[in-house]
There are 6 protein chains.
Amino acid sequence: MLITKRVEFSASHVCRNPLLTDQENQELFGVAANPHGHGHNYVVDVTVEGDPDPVTGMVLDLKKLKELVNREVIQTYDHRFLNREVEPFDHVVPTVENIAIDIWNRLAPHLTQKDSRLQGIRVYETPDLYVDYFGEAA
Amino acid sequence: MLITKRVEFSASHVCRNPLLTDQENQELFGVAANPHGHGHNYVVDVTVEGDPDPVTGMVLDLKKLKELVNREVIQTYDHRFLNREVEPFDHVVPTVENIAIDIWNRLAPHLTQKDSRLQGIRVYETPDLYVDYFGEAA
Amino acid sequence: MLITKRVEFSASHVCRNPLLTDQENQELFGVAANPHGHGHNYVVDVTVEGDPDPVTGMVLDLKKLKELVNREVIQTYDHRFLNREVEPFDHVVPTVENIAIDIWNRLAPHLTQKDSRLQGIRVYETPDLYVDYFGEAA
Amino acid sequence: MLITKRVEFSASHVCRNPLLTDQENQELFGVAANPHGHGHNYVVDVTVEGDPDPVTGMVLDLKKLKELVNREVIQTYDHRFLNREVEPFDHVVPTVENIAIDIWNRLAPHLTQKDSRLQGIRVYETPDLYVDYFGEAA
Amino acid sequence: MLITKRVEFSASHVCRNPLLTDQENQELFGVAANPHGHGHNYVVDVTVEGDPDPVTGMVLDLKKLKELVNREVIQTYDHRFLNREVEPFDHVVPTVENIAIDIWNRLAPHLTQKDSRLQGIRVYETPDLYVDYFGEAA
Amino acid sequence: MLITKRVEFSASHVCRNPLLTDQENQELFGVAANPHGHGHNYVVDVTVEGDPDPVTGMVLDLKKLKELVNREVIQTYDHRFLNREVEPFDHVVPTVENIAIDIWNRLAPHLTQKDSRLQGIRVYETPDLYVDYFGEAA
C-alpha cells in the first residue's frame, strides 16, 4: 500500500551551468537561463510504502510525516532562491529532475522502516511538467 | 493497458480505536479522534487492467463498470457515518488506508476476468492526502 | 480592489430541521437528512475589499488575515459535527447557505476598516456546489 | 526517473464500429454512438524515462520534446473529427483506449534512446475517465 | 445570496457562419472553422439568486434545480454536434458566447421567483476560456 | 457579457520596500522579504466586457486578444525577476495587488472599444491567494 502526502513551496531558480558559456546555457535552457532567476509554486508528492498497522489502521503517523517534510523540505526550500541559498544547487543545476533527487536524498534516510519506507517523490514545476524519482535502485 | 474511472462520495468518520483509551486515541489521531465525527468529499479512482477488445476498442463496458461501482461503493458509502453505518467500520478504524482496502474487497470479486481485472484503488481523503492499494499480492 | 484568501476545513453535518417530521426532512433534503450525518471538505474563499497601501503594496496584512480566519473559522469548524458542536447549528440547519452566513457573521466584525472590509464569502460544499454571500445589505 | 509533459487538444469523435448494426452500436456505446459525433478536451501526459545528464541536469531537452509532441500529436489531432480526419480512425473505433495506443505509436519511434525512452501515455477523455498505455511489452 | 450548481457536457461544434466565405470563416475562426467539427468538455455554472428559506435553510430545492438543468440543458446538448442537432445553432454560430446565451434562454423562464431567480450562466469551453452572461438587462 | 482568457507566467519577486529598514520589511512581509527572491506560477484571468457580434458570435477576436496579452504581459513578465527586470517594480513593491494593477495598466489602453473593453484582471499568486482589479473608477 502507498500513502502520499502533498505539500507545496514557492522558490526561484536559474537553469544555468556555470561550466558552460552564456550561449550554451541559452541554447540548452532558453528563457530559464535568465541569470536573475524566475520562480514557481512547486508541488511535491511524498509517497511512503508500507502496510497499515492493525491497531491504528495507519501506514505511519501522518503528524510525524508532516513534521519531517516540513523540517527537511519546506523550511529548506520555501521562499528561497535555490541556486544561492540551498545546497547542492550552488554547483548542481536546479532542474526539476535534480530537485526531486535532492528531496529524495533529504527524506529517504528518515523513512527506512520496512513498513513505512520512502517509495517515490513527484515534483510538479508547473501543472503541466512533473518528474517522478524512486531512488537509485529503482 | 489501464483504464481508470473516478467517482466521489461524501461521508463522515471518526479515527478512533475502541480498544484504546481516549488519551491514546487523541495522541494517535489528533483532531480526527473527535467522537462526534467529521467528514470528507472522498474521491475514488478505480483502475482496471486489460486489453481493448478488437471490435469495440474498449477494455470493458464502462456503463457496467459505473453500475458496479455505484452499487457496491456509492450506495454503501455516500452520505453515511462510516463507523456506525458501514461494515466493517464498527470494529475497523476507517482511516483512508482501510477505506481503500474495503473498496478493493467490494469490487475485486466482480472484476476478475483476464482482460478486465481490478488493478488498483486510489482514495483521496483530501486533495493533498491519498492512498493506493493493489490487493494483497501486490 | 478585492483580495481573496482560500482556506479549507473538514466537517460533518445533517440537513434536517427538528421542527419537521422525518418524512418531510427526507423529502426536502434526501440522503443529506440521514441523522448519523455525513461530511465534506469545505473550501472557503474570504474576500476583502480595499486599496493597496502605497508603502506596503498590500490591501491588508495577510498574516493577520490568516490568524483571524484560523481563529474564527478553522478552529471552530474543522473536524467538527456542525449540528452538535458549532453554534448556531443546534437550531439552524447547516446548509451551505447557512454556513456561509455564519462565517460572514464571525468575520465581518473584524474587517470593518474602510480600506480592508469584508466583501464576500464563498463556500464550496463540493467542487460542483457553492454559494456566495455578501452580507445583509448587498 | 520519469519526466512527464502534459498537453491538451480538442477533438470530436463517434464511438461506433461500422461492422456492427445501429442497435449493436447503441447498446455498446450508448450516447457516444451518435453518428454526428461529440467532443472532448483531451489531456495527454507523455512520460519519458531516463537519467538526468550530469551537465544539464535534464533527462531530455524539453524544447525538443514539445516540438515532437506538437508535430506528431497536436497538429494531427487538434480541432479534428477523429473518425474522418485522423488515421487509423477511419477503421479503428476512436475510444480513449485506442487514442492512447495511437499516440504511443506516433511518439515511441522518436523516443528510443536508452536515457530518454517513451515510458507511458496517459489520456484523459474527461476529468473522471483516463487510460494509461505502456506499449506492447508492458 | 447566490448559489451555483456546476454541470458538464461533451459536445462538438464548428465555428463557421454559412453567410461568409470559406476564407472569411478561416480568418475569423482559424482551426475552429474546420467543417468536420471538433469538441469540448463544456462546464456550466448555473447561478441562482435568492434568500435562504428560514425553515429549510435553502435558496431552492437542489434536487429540482438538477432535474431542470438536466432536462433543459444536458439532455439537449450532451453528446451532440451542436450545429446540426441543437436549435438555434443551425443558423447561429455556436461560439461559447452564444452557447451561454442559449442556456440562459432555456433556464431563465423556469427560475423567475423573487427568492430564486436565475442570476448568471458561466460556460467554460476549455479550462482557460470562459464567458459569463447575466441576461439582457444586465 | 464577459469573456475571460486565462494565461500563466513564472516569475520571481521580493516583497520589500527599499525605503523601510530590514526589520520593518521582515515584520511586514515575513519570508517574502528574503532579498534573494522567490517565485510563483502566476495565473492571470483577463476579462473583457462586450456584446457578441451578430455575424461572428464573438465579443472579440480571441486570436488578437492572445497576441495582445502575449506581447504586453507574457513577454514582459515570464521568467523574469520582477524587482530587477520589470517596470515599475524597481520602485513599487511587486505584491500580487500591484502586479494586477500593472497588468491592467498595460492592457486597458488596448481594450477600450464600447463592445470589447477591459472589465477586470484577476491574478492568482498561488491557488489560495488571488486579487481582482477593475480599474480606478470601479
# chains A, B, ... in the order shown; residues from 1 in each chain; ligands from 1

call {"tool": "closest_atom_pairs", "arguments": {"of": "range 2-41 of chain D", "to": "range 53-75 of chain D", "cutoff": "9 Å", "atoms": "only C-alpha atoms", "output": "CSV"}}
result
residue,atom,partner,partner_atom,distance
D:Leu2,CA,D:Val59,CA,8.3
D:Ile3,CA,D:Val59,CA,7.4
D:Lys5,CA,D:Lys66,CA,8.1
D:Val7,CA,D:Ile74,CA,8.2
D:Glu8,CA,D:Ile74,CA,7.7
D:Phe9,CA,D:Ile74,CA,6.4

call {"tool": "calpha_fit_and_write", "arguments": {"fixed": "chain F", "moving": "chain B", "output": "compact mmCIF listing (two decimals) with C-alpha atoms, in the first residue's frame"}}
result
# COMPACT_ATOMS: atom_id res chain seq x y z
CA MET B 1 -21.47 39.62 -21.34
CA LEU B 2 -18.00 38.89 -20.03
CA ILE B 3 -15.36 36.73 -21.72
CA THR B 4 -12.25 35.66 -19.83
CA LYS B 5 -8.95 34.33 -21.14
CA ARG B 6 -6.61 32.67 -18.66
CA VAL B 7 -2.81 32.81 -19.12
CA GLU B 8 0.15 31.87 -16.94
CA PHE B 9 3.68 33.00 -16.36
CA SER B 10 6.52 32.10 -13.98
CA ALA B 11 8.42 34.87 -12.25
CA SER B 12 10.29 35.68 -9.08
CA HIS B 13 9.95 38.65 -6.76
CA VAL B 14 10.90 40.11 -3.40
CA CYS B 15 8.32 41.82 -1.22
CA ARG B 16 10.45 44.55 0.27
CA ASN B 17 10.26 48.33 0.24
CA PRO B 18 13.73 49.92 -0.04
CA LEU B 19 12.50 52.90 2.02
CA LEU B 20 11.95 50.67 5.04
CA THR B 21 14.52 49.03 7.32
CA ASP B 22 15.31 45.32 7.13
CA GLN B 23 13.40 44.75 10.34
CA GLU B 24 10.34 46.64 9.11
CA ASN B 25 10.36 44.67 5.86
CA GLN B 26 10.69 41.43 7.77
CA GLU B 27 7.76 42.28 10.01
CA LEU B 28 5.58 43.39 7.11
CA PHE B 29 6.34 40.69 4.57
CA GLY B 30 7.84 37.80 6.58
CA VAL B 31 9.69 35.23 4.47
CA ALA B 32 8.55 37.04 1.31
CA ALA B 33 11.10 39.76 2.18
CA ASN B 34 14.05 37.40 1.61
CA PRO B 35 16.27 39.61 -0.63
CA HIS B 36 17.34 36.78 -2.94
CA GLY B 37 13.73 36.47 -4.08
CA HIS B 38 11.40 33.52 -4.52
CA GLY B 39 8.89 32.71 -7.22
CA HIS B 40 5.46 31.70 -8.31
CA ASN B 41 3.51 30.32 -11.23
CA TYR B 42 1.20 33.30 -11.66
CA VAL B 43 -2.20 32.73 -13.27
CA VAL B 44 -3.92 35.73 -14.86
CA ASP B 45 -7.58 35.96 -15.88
CA VAL B 46 -8.15 38.80 -18.37
CA THR B 47 -11.86 39.67 -18.56
CA VAL B 48 -13.34 41.69 -21.43
CA GLU B 49 -16.89 43.07 -21.41
CA GLY B 50 -18.97 43.47 -24.56
CA ASP B 51 -21.73 42.08 -26.70
CA PRO B 52 -21.22 39.27 -29.19
CA ASP B 53 -21.16 40.41 -32.80
CA PRO B 54 -24.31 39.16 -34.55
CA VAL B 55 -22.32 37.77 -37.50
CA THR B 56 -19.37 36.16 -35.73
CA GLY B 57 -20.98 35.35 -32.38
CA MET B 58 -17.82 36.63 -30.69
CA VAL B 59 -17.24 39.54 -28.30
CA LEU B 60 -13.79 39.99 -29.76
CA ASP B 61 -11.27 38.14 -31.90
CA LEU B 62 -9.63 35.74 -29.46
CA LYS B 63 -6.53 35.37 -31.63
CA LYS B 64 -5.97 39.12 -31.32
CA LEU B 65 -6.60 39.04 -27.56
CA LYS B 66 -4.00 36.28 -27.20
CA GLU B 67 -1.47 38.26 -29.25
CA LEU B 68 -2.10 41.37 -27.14
CA VAL B 69 -1.75 39.54 -23.80
CA ASN B 70 1.31 37.70 -25.05
CA ARG B 71 2.98 40.90 -26.20
CA GLU B 72 2.08 43.14 -23.28
CA VAL B 73 2.12 40.69 -20.35
CA ILE B 74 3.78 37.34 -21.04
CA GLN B 75 6.81 38.67 -22.89
CA THR B 76 7.29 41.26 -20.15
CA TYR B 77 6.80 39.11 -17.06
CA ASP B 78 7.60 35.49 -17.94
CA HIS B 79 10.82 34.09 -16.51
CA ARG B 80 11.76 37.47 -15.02
CA PHE B 81 12.87 38.66 -11.58
CA LEU B 82 10.23 41.38 -11.30
CA ASN B 83 12.07 43.76 -8.96
CA ARG B 84 15.07 43.98 -11.27
CA GLU B 85 13.70 43.44 -14.75
CA VAL B 86 10.14 44.78 -14.99
CA GLU B 87 9.00 48.39 -14.66
CA PRO B 88 7.69 49.79 -12.28
CA PHE B 89 8.89 47.20 -9.77
CA ASP B 90 12.25 48.85 -9.27
CA HIS B 91 10.38 51.29 -7.00
CA VAL B 92 6.93 49.69 -6.49
CA VAL B 93 6.68 46.56 -4.29
CA PRO B 94 5.61 43.67 -6.58
CA THR B 95 2.84 42.37 -4.34
CA VAL B 96 0.10 40.51 -6.13
CA GLU B 97 -2.04 43.63 -5.71
CA ASN B 98 0.45 45.81 -7.58
CA ILE B 99 1.03 43.16 -10.25
CA ALA B 100 -2.71 43.17 -11.02
CA ILE B 101 -2.74 46.97 -11.27
CA ASP B 102 0.29 46.93 -13.58
CA ILE B 103 -1.25 44.30 -15.87
CA TRP B 104 -4.44 46.38 -16.02
CA ASN B 105 -2.39 49.45 -16.95
CA ARG B 106 -0.63 47.56 -19.73
CA LEU B 107 -3.81 46.09 -21.26
CA ALA B 108 -6.53 48.72 -20.67
CA PRO B 109 -5.33 51.22 -23.33
CA HIS B 110 -5.72 48.49 -25.97
CA LEU B 111 -9.20 47.37 -24.92
CA THR B 112 -11.31 50.50 -24.95
CA GLN B 113 -13.97 49.82 -27.57
CA LYS B 114 -17.55 50.03 -26.34
CA ASP B 115 -18.17 46.40 -27.28
CA SER B 116 -14.90 44.96 -26.04
CA ARG B 117 -13.43 46.88 -23.12
CA LEU B 118 -11.26 45.56 -20.32
CA GLN B 119 -13.50 44.77 -17.34
CA GLY B 120 -11.21 43.10 -14.82
CA ILE B 121 -7.90 41.44 -14.06
CA ARG B 122 -7.60 38.54 -11.65
CA VAL B 123 -4.13 37.38 -10.60
CA TYR B 124 -3.52 34.19 -8.63
CA GLU B 125 -0.16 34.20 -6.82
CA THR B 126 -0.89 30.72 -5.49
CA PRO B 127 -4.02 28.60 -5.83
CA ASP B 128 -5.26 30.00 -2.49
CA LEU B 129 -4.45 33.70 -2.87
CA TYR B 130 -5.74 35.97 -5.61
CA VAL B 131 -6.78 39.56 -6.28
CA ASP B 132 -9.30 41.22 -8.61
CA TYR B 133 -8.80 44.70 -10.02
CA PHE B 134 -11.35 46.61 -12.06
CA GLY B 135 -9.53 49.89 -12.77
CA GLU B 136 -9.57 53.17 -10.92
CA ALA B 137 -13.24 54.05 -11.31
CA ALA B 138 -14.52 50.68 -10.11

call {"tool": "select_by_dssp", "arguments": {"residues": "range 15-119 of chain C", "states": "alpha helix (DSSP H)", "output": "NGL selection string"}}
result
:C and (22-29 or 62-69 or 75-77 or 82-85 or 96-107)

call {"tool": "decode", "arguments": {"residues": "range 64-76 of chain A", "atoms": "N, CA, C and O atoms", "output": "PDB file, in the first residue's frame"}}
result
ATOM      1  N   LYS A  64       3.735  12.968  12.190  1.00  0.00           N
ATOM      2  CA  LYS A  64       5.202  12.885  12.148  1.00  0.00           C
ATOM      3  C   LYS A  64       5.719  13.075  10.720  1.00  0.00           C
ATOM      4  O   LYS A  64       6.778  13.676  10.509  1.00  0.00           O
ATOM      5  N   LEU A  65       4.982  12.526   9.739  1.00  0.00           N
ATOM      6  CA  LEU A  65       5.412  12.725   8.348  1.00  0.00           C
ATOM      7  C   LEU A  65       5.385  14.209   7.997  1.00  0.00           C
ATOM      8  O   LEU A  65       6.317  14.729   7.364  1.00  0.00           O
ATOM      9  N   LYS A  66       4.335  14.908   8.429  1.00  0.00           N
ATOM     10  CA  LYS A  66       4.261  16.349   8.143  1.00  0.00           C
ATOM     11  C   LYS A  66       5.419  17.105   8.789  1.00  0.00           C
ATOM     12  O   LYS A  66       6.015  17.988   8.183  1.00  0.00           O
ATOM     13  N   GLU A  67       5.715  16.761  10.041  1.00  0.00           N
ATOM     14  CA  GLU A  67       6.847  17.426  10.724  1.00  0.00           C
ATOM     15  C   GLU A  67       8.153  17.179   9.972  1.00  0.00           C
ATOM     16  O   GLU A  67       8.968  18.082   9.797  1.00  0.00           O
ATOM     17  N   LEU A  68       8.351  15.933   9.543  1.00  0.00           N
ATOM     18  CA  LEU A  68       9.578  15.584   8.827  1.00  0.00           C
ATOM     19  C   LEU A  68       9.693  16.369   7.523  1.00  0.00           C
ATOM     20  O   LEU A  68      10.728  16.981   7.223  1.00  0.00           O
ATOM     21  N   VAL A  69       8.609  16.372   6.734  1.00  0.00           N
ATOM     22  CA  VAL A  69       8.649  17.053   5.440  1.00  0.00           C
ATOM     23  C   VAL A  69       8.798  18.557   5.649  1.00  0.00           C
ATOM     24  O   VAL A  69       9.531  19.230   4.923  1.00  0.00           O
ATOM     25  N   ASN A  70       8.141  19.066   6.665  1.00  0.00           N
ATOM     26  CA  ASN A  70       8.263  20.495   6.951  1.00  0.00           C
ATOM     27  C   ASN A  70       9.707  20.857   7.306  1.00  0.00           C
ATOM     28  O   ASN A  70      10.269  21.823   6.792  1.00  0.00           O
ATOM     29  N   ARG A  71      10.307  20.041   8.161  1.00  0.00           N
ATOM     30  CA  ARG A  71      11.666  20.340   8.644  1.00  0.00           C
ATOM     31  C   ARG A  71      12.703  20.147   7.533  1.00  0.00           C
ATOM     32  O   ARG A  71      13.577  20.992   7.338  1.00  0.00           O
ATOM     33  N   GLU A  72      12.580  19.063   6.782  1.00  0.00           N
ATOM     34  CA  GLU A  72      13.641  18.734   5.819  1.00  0.00           C
ATOM     35  C   GLU A  72      13.442  19.404   4.454  1.00  0.00           C
ATOM     36  O   GLU A  72      14.414  19.634   3.738  1.00  0.00           O
ATOM     37  N   VAL A  73      12.206  19.681   4.089  1.00  0.00           N
ATOM     38  CA  VAL A  73      11.961  20.207   2.736  1.00  0.00           C
ATOM     39  C   VAL A  73      11.443  21.640   2.775  1.00  0.00           C
ATOM     40  O   VAL A  73      12.052  22.536   2.195  1.00  0.00           O
ATOM     41  N   ILE A  74      10.330  21.872   3.436  1.00  0.00           N
ATOM     42  CA  ILE A  74       9.701  23.194   3.346  1.00  0.00           C
ATOM     43  C   ILE A  74      10.609  24.263   3.938  1.00  0.00           C
ATOM     44  O   ILE A  74      10.860  25.302   3.318  1.00  0.00           O
ATOM     45  N   GLN A  75      11.130  24.021   5.128  1.00  0.00           N
ATOM     46  CA  GLN A  75      11.987  25.047   5.750  1.00  0.00           C
ATOM     47  C   GLN A  75      13.258  25.286   4.943  1.00  0.00           C
ATOM     48  O   GLN A  75      13.863  26.361   5.030  1.00  0.00           O
ATOM     49  N   THR A  76      13.675  24.309   4.180  1.00  0.00           N
ATOM     50  CA  THR A  76      14.886  24.465   3.367  1.00  0.00           C
ATOM     51  C   THR A  76      14.601  25.201   2.058  1.00  0.00           C
ATOM     52  O   THR A  76      15.383  26.055   1.629  1.00  0.00           O
TER      53      THR A  76
END
